[in-house]
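Written out below as structure tokens is the structure these notes cover.
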Amino acid sequence: MESARRNDGGTPVRASSAIAVGIGLSTAAATALTAPHAPTPIATMNMVLLALFGAGVVWSVISVNHWFWLPAVVAGTLANGSVGRVAAVISIAGFLVTIDRWPLRSQRSAPGRVIVAAVTGAGLTQSLLRMDEFGFSRWSAIAVAAAMAILAVGALAGANRPARRAAVGLTLAIAFAGAGVTAASAYEALRARADMETAVDYGRDAAEHLTAGEAALAVDDLERARSRFERAEQQVSSGWSAVAQFLPLVGHNVAAIESSAAAAVEFSDAGLAIARSGDPLGIVRDGRVSLERTEALGAALDTARLAVERGQDRLDQIDPVWIAPPLYRQVATAVEQIDDLSVALTGTADGLAILPRLVGEHGPRTYLVVIGNPAEARDLGGFAAGFALIEVDRGAYRLIESGRPGDLLSRNRPELQEEFPTLVGDFPNRYLEMSPWRYGQNLTAVADLSTLARAANQISEATRGIAIDGAIYLDPFALEALVPLIGPIALPEFDLVLDGRNTASFFLFDQYVRFPDKETRNQILDATVSTFTEQLDRAGGSGTRPSLDRLIEVLAEQRLAIATLDDAELSVLDEIGVSGRIAPIEPGRDYLAVSHLNGGPNKLDAFLERSISYEATVGPTVGTLHATVTIELTNTAPAGLSSYVSGNSHGYPTGTNRAVIAVHTPHEMVRWTGPEAEPALTRSFVEFERKRHERVAVIAPGQTVRLELELIGQVLPGDEYGLDVGHQPLVNDDHLVIDIDTGTAPVTYEGILREDTSYD
């Protein structure tokens with residue numbers, strides 16, 4: 001027998017229909033609960049809201065008459081299709097069942113129709129909760145919005161008058177209550193925002209004080225900033241803001257502000273840990289690296305790193321899908337900056353951890369200091385203009401010897417100029433061709449400082465019986481940044497004072513004008529090195545402090561670098577970016593570096609400007625790359641320069657710059673194009689696990705020469721594409737243009753290249 005009763009409209013309702021309704025509601029609720037995002041930051045509230053939402057969608061689908069329900073089914077089918085293929089198949093099957101059951105349309109609770117409605121409602125629910133996955137501007141979101149409008153109107157039309165009044169009244173009450181809570185929480189959020197903006201200003205002031213060595217003032221500013229951030233956090237975690245967190249959408253925005261303020265408190269604690277440890281450059285005192293101060297600063301950095309990690313955890317709690325776009329952009333920017341800060345803190349802490357070893361905590365260390373001058377370019381930056389051998393023992397420095405690069409080999413044993421056959425070991429052929437053991441100025445004719453260190457160790461052991469532990473490279477810009485550490489370098493015999501403003505320009509330009517005699521210039525360089533070393537005992541004294549920002553810049557630009565022969569130490573120096581070593585190319589990533597070495601020889605690279613353009617097309621599926629590297633070289637050398645500066649040994653007119661251009665890439669060369677110049681010297685070979693494609697360029701004064709290199713290769717396709725660009729520290733930074741067509745999102749850039757940079 002079949003049990004049945006009649007509803008108010010006279011439609012029979014079977015027990016099986018009631019079961020179907022229950023199944024439909026349960027299915028919709030379960031579907032909602034598996035949604036990828038939560039409407040509020042309160043877990044319990046989410047379960048209630050999502051279950052009610054899913055049940056409401058299905059009940060609306062079941063309740064409307066067929067003129068409303070059929071379009072809703074169509075919209076639901078489209079919505080399901082946007083969620084996934086499986087959902088689309090289920091929805092299409094349900095749609096076919098609906099057509100088959102059309103004669104039953106007068107029976108609102110027909111089991112087949114209820115089940116189809118459950119599927120449709122579940123799909124609509126999922127689509128509404130997944131809108132971020134396909135964007136509000138696409139057809140699927142429009143279909144969902146249309147379906148919900150149809151369902152809402154249809155459900156109200158099919159209800160009796162008391163039910164409609166109750167529904168409208170309840171809706172208005174909820175809307176007014178939600179609006180009131182939202183307004184109150186918005187007021188509190190605005191107050192919190194004002195506190196946070198003030199705190200940010202304090203933070204900026206603290207950073208300026210800290211870089212200027214004013215640690216006490218930085219502490220005061222950071223304590224004020226922390227107090228403001230803490231007050232902002234309290235404002236958005238209590239009162240109406242706490243209630244607002246129960247509201248869909250609004251709650252996430254309030255929680256985002258609270259999490260941001262809480263994270264800012266942690267970041268303030270990180271800054272306080274560093275500032276309370278004193279001036280970061282205070283590790284140098286009276287010409288020594290203080291091991292005790294180094295240990296204390298390292299502990300402070302560890303504390304700061306932990307605080308930053310806690311702040312990152314708070315930012316990770318923010319669900320970006322539900323927050324307003326302006327707030328989302330601020331949070332996204334903050335997350336990116338904090339990630340960079342975390343990496344920097346980790347690297348600095350790791351660097352401080354090995355600093356005691358580098359300065360002789362466990363015994364004396366010997367280093368070769370190479371002074372490069374990019375007025376005459378080499379792969380590492382500039383030709384080796386001078387050197388110093390120094391010993392460091394428990395933070396104290398001692399000069400062993402200094403001189404010109406040729407003295408490194410021949411000062412004690414001139415016969416080694418002929419007897420020293422070659423370097424032993426794995427050295428690039430291009431480096432061996434430059435014979436750095438014979439021509440000391442070519443010690444820097446390799447872009448990898450650790451390779452230079454290995455070569456210098458062999459030369460030093462052969463000539464002096466002294467093994468070196470590592471090499472330090474610095475150019476005139478780095479020397480200028482370091483001079484304030486020891487005070488001005490006074491050379492009265494040459495009527496010359498070098499300070500933090502004129503050191504670079506003197507060695508790059510002025511010395512060749514003021515002192516045309518080469519021997520005099522050599523004497524000035526020797527005197528500069530010896531005086532600098534002698535004055536190291538004043539380093540860290542009162543009134544002498546280099547710019548922390550400028551030191552960071554010259555380290556990032558590889559104008560100041562250190563590499564040791566210890567693999568563990570070298571690995572840490574690699575991580576913090578000061579090793580001057582060429583990193584391996586990650587599999588599938590693209591790479592580009594353009595270098596040149598002076599082929600005059602002369603000092604005209606001080607007047608050479610380079611513009612580099614990299615245009616490539618990458619296959620969207622297999623990653624086949626076709627690229628063109630365009631290099632424009634402009635010679636701005638003025639007339640009237642001495643022959644030493646502007647002459648050459650190849651018979652070109654005075655002022656002509658002869659440059660050996662090299663493009664470093666993982667890709668194969670197709671062809672070079674450009675003005676013919678000594679084509680016999682156009683060649684390609686492998687160096688440091690990448691191709692080196694060379695071409696000679698001859699640039700007359702006032703002329704711009706344009707070279708193009710076509711390449712073909714293989715990289716990761718589409719959105720996986722990434723490009724690393726290497727930087728050669730020259731007198732003038734390169735102008736760089738990147739235009740990569742990946743078939744998905746293009747990779748573009750135009751600007752000045754000052755350091756090794758990645759583009760994704």
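Ligands are numbered from 1 in the order shown, residues from 1 within each chain, and chains are lettered A, B, ... in the order they appear in the structure tokens.
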* Selection: 6 Å around Glu480 in chain A, only C-alpha atoms, excl. self and same-chain fewer than 5 positions, as an NGL selection string -> :A and (500 or 503-504)
* **Minimum-distance residue to Trp672 in chain A, chosen among A:Ser460, A:Thr630, A:Gln558, A:Thr366 (using only C-alpha atoms)** =>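 Distance minimum relative to Trp672 in chain A lands on A:Thr630.
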* Residue with smallest distance to Leu604 in chain A - pool A:Ala275, A:Leu368, A:Ala263, A:Ala377, counting only C-alpha atoms ->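 Among the listed residues, A:Ala377 lies closest to Leu604 in chain A.
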* Identify, with DSSP run on backbone atoms, the residues in range 618-760 of chain A assigned to alpha helix (DSSP H), and express the list as a count of residues only. => 4
* Pick from A:Ala745, A:Leu565, A:Val660, A:Leu753, whichever lies nearest to Thr617 in chain A using only C-alpha atoms ->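 For Thr617 in chain A, the nearest of the given residues is A:Ala745.
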Exercise: Gln728 in chain A partners within 9 Å, only C-alpha atoms, chain neighbours under 4 positions left out, as a short mmCIF file (atom, residue, chain, number, x, y, z; two decimals) with C-alpha atoms, in the first residue's frame:
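Saved the output as part.cif:
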data_model
loop_
_atom_site.label_atom_id
_atom_site.label_comp_id
_atom_site.auth_asym_id
_atom_site.auth_seq_id
_atom_site.Cartn_x
_atom_site.Cartn_y
_atom_site.Cartn_z
CA ASP A 379 84.85 39.32 -16.77
CA LEU A 380 84.79 39.84 -13.00
CA GLY A 381 84.42 43.60 -13.44
CA ALA A 447 83.58 35.93 -13.78
CA GLU A 557 76.21 44.70 -7.20
CA GLN A 558 79.19 42.33 -6.68
CA ALA A 593 74.37 37.52 -19.11
CA VAL A 594 76.36 39.87 -21.31
CA SER A 595 79.97 40.60 -20.48
CA HIS A 596 82.88 42.16 -22.23
CA ASP A 733 75.24 50.05 -15.50
CA ASP A 734 73.45 48.39 -18.42
CA ARG A 754 72.45 46.87 -11.22
CA GLU A 755 72.63 43.33 -9.87
CA ASP A 756 71.81 39.73 -10.70
#
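In terms of minimum interatomic distance to Asp339 in chain A, A:Gly311 ranks closest within A:Pro584, A:Pro428, A:Gly311, A:Gly351, counting only C-alpha atoms.
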* Structure fact -> In terms of only C-alpha atoms, the residue from A:Ile585, A:Ile661, A:Ala568, A:Leu301 at minimal distance from Arg610 in chain A is A:Ile661
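Closest to Gly487 in chain A among A:Asp574, A:Glu609, A:Glu188, A:Glu534 is A:Glu534, based on only C-alpha atoms.
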* Asked: Neighbours of Arg276 in chain A within 10 Å (only C-alpha atoms; same-chain residues fewer than 3 positions away dropped), as number ranges by chain?
  -> A: 215-216, 218-220, 271-273, 279, 297, 300
Save out the residues we just selected, C-alpha atoms, as a PDB file, in the first residue's frame.
ATOM      1  CA  ALA A 215      70.242  52.501  17.519  1.00  0.00           C
ATOM      2  CA  ALA A 216      68.764  54.193  20.601  1.00  0.00           C
ATOM      3  CA  ALA A 218      65.521  53.412  16.400  1.00  0.00           C
ATOM      4  CA  VAL A 219      64.460  51.593  19.579  1.00  0.00           C
ATOM      5  CA  ASP A 220      62.286  54.543  20.641  1.00  0.00           C
ATOM      6  CA  GLY A 271      63.140  45.294  14.541  1.00  0.00           C
ATOM      7  CA  LEU A 272      63.465  45.854  18.287  1.00  0.00           C
ATOM      8  CA  ALA A 273      65.605  42.739  18.663  1.00  0.00           C
ATOM      9  CA  ASP A 279      74.568  49.548  15.570  1.00  0.00           C
ATOM     10  CA  LEU A 297      74.179  40.501  16.821  1.00  0.00           C
ATOM     11  CA  ALA A 300      69.487  39.217  17.881  1.00  0.00           C
TER      12      ALA A 300
END
Excluding Ala189 in chain A and residues on its chain fewer than 5 positions from it, collect all residues at most 8 Å away from it, counting only C-alpha atoms, and give them as an mmCIF file with N, CA, C and O atoms, in the first residue's frame.
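To be explicit, this is the file written out as around.cif:
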data_model
loop_
_atom_site.group_PDB
_atom_site.id
_atom_site.type_symbol
_atom_site.label_atom_id
_atom_site.label_comp_id
_atom_site.auth_asym_id
_atom_site.auth_seq_id
_atom_site.Cartn_x
_atom_site.Cartn_y
_atom_site.Cartn_z
ATOM 1 N N GLN A 235 41.651 47.005 18.703
ATOM 2 C CA GLN A 235 40.445 47.660 18.200
ATOM 3 C C GLN A 235 39.646 46.760 17.269
ATOM 4 O O GLN A 235 38.409 46.820 17.247
ATOM 5 N N VAL A 236 40.320 45.940 16.484
ATOM 6 C CA VAL A 236 39.607 45.089 15.520
ATOM 7 C C VAL A 236 39.414 43.662 16.019
ATOM 8 O O VAL A 236 38.988 42.797 15.260
ATOM 9 N N SER A 241 33.685 44.868 16.090
ATOM 10 C CA SER A 241 34.539 44.151 15.134
ATOM 11 C C SER A 241 34.540 42.659 15.418
ATOM 12 O O SER A 241 34.583 41.838 14.491
ATOM 13 N N VAL A 254 37.554 42.080 8.356
ATOM 14 C CA VAL A 254 37.935 42.460 9.716
ATOM 15 C C VAL A 254 39.087 41.582 10.208
ATOM 16 O O VAL A 254 40.058 42.067 10.799
ATOM 17 N N ILE A 257 42.419 42.610 8.738
ATOM 18 C CA ILE A 257 43.022 43.768 9.411
ATOM 19 C C ILE A 257 43.628 43.338 10.743
ATOM 20 O O ILE A 257 44.738 43.755 11.112
#
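The interatomic distance for the pair CA of Arg305 in chain A and CA of Ile354 in chain A works out to 17.2 Å.
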* To do: Have a look at CA of Ala244 in chain A and CA of Gly169 in chain A and let me know their distance in Å, one decimal.
  =>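 Atom-to-atom, CA of Ala244 in chain A to CA of Gly169 in chain A, that is 21.3 Å.
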* **Two-atom distance - CA of Pro701 in chain A, CA of Asn373 in chain A (Å)** =>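 One can read the CA of Pro701 in chain A to CA of Asn373 in chain A distance as 21.1 Å.
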* To do: For Ile489 in chain A, list every protein, DNA or RNA residue within 9 Å, evaluated using only C-alpha atoms, and leave out those in the same chain fewer than 4 positions away; present the list as a ChimeraX atom specification.
  => /A:483,496-499,528,531-532,535
* All strand (DSSP E or B) positions in range 252-343 of chain A, as a PyMOL selection string -> chain A and resi 284-285+288-289
* To do: Name all residues at most 9 Å from Gly203 in chain A (count only C-alpha atoms; drop same-chain ones fewer than 5 positions away) and give them as a ChimeraX atom specification.
  => /A:198,208,218,221-222,224-226,268,271
